Each structure stands twice: as C-alpha cells, then as structure tokens.
Amino acid sequence: MSPPGAEAAPGAVSVPGPGSASPRPLFGGCWSCRLLSGAGLLMAAIWIYQGPRSTMKKGVPPSMGAIAQMIFAAGEGRGGGR
C-alpha cells in the first residue's frame, strides 16, 4: 500500500473502489432469457396440473395428493406469469 499523498506512476491504471459502479441485474436484463424461462415455467405448471385433472375427468374423486399437486401447479404457473 502506498503512503498517503503518494502519486501514481505514469501509465498506471486506476481501479475504482468498491461500490462505485452500479450493480448489474442478473443475466443483464436479457428479455429473451426471461421470456424463455417464463414460458418454460408455465408449460411445466400445465403439465403438472394435467395429471390430477385427467383423473378427475374420469370421475375419480381427488385425493389430498392430487389437490396438493394442483396447488403446486398453480404456484408454479404464478412464477412463470410474472
């Protein structure tokens, strides 16, 4: 570390201090990445939801597991629709 008041050598590169640059969003705010991952989450939610839904269409009453799976699918779909 250099003493206080010492000058930098000519041609030296100055390094900015911590916190001087604004933080960059994760993945740089890539809209195509957000759309692709959101569509993937929505499709996963539909696929998860279709399992218990198809058995309910056959007239089978839903079990607690099927209800939990449908609730999870609704939450998954909410994550993709943001």
# chains A, B, ... in the order shown; residues from 1 in each chain; ligands from 1
$ residues_around --residues "Gln50 (chain A)" --least-positions-apart "4" --cutoff "12 Å" --atoms "only C-alpha atoms" --output "number ranges by chain"
A: 43-46, 54-57, 66-67, 69-70, 73-74
$ atom_distance --atom1 "CA of Gly51 (chain A)" --atom2 "CA of Cys33 (chain A)"
27.9 Å
$ closest_residue --among "A:Pro62, A:Pro52, A:Gly29, A:Gly40" --to "Gly79 (chain A)" --atoms "only C-alpha atoms"
A:Gly40
$ atom_distance --atom1 "CA of Ile48 (chain A)" --atom2 "CA of Pro61 (chain A)"
17.6 Å
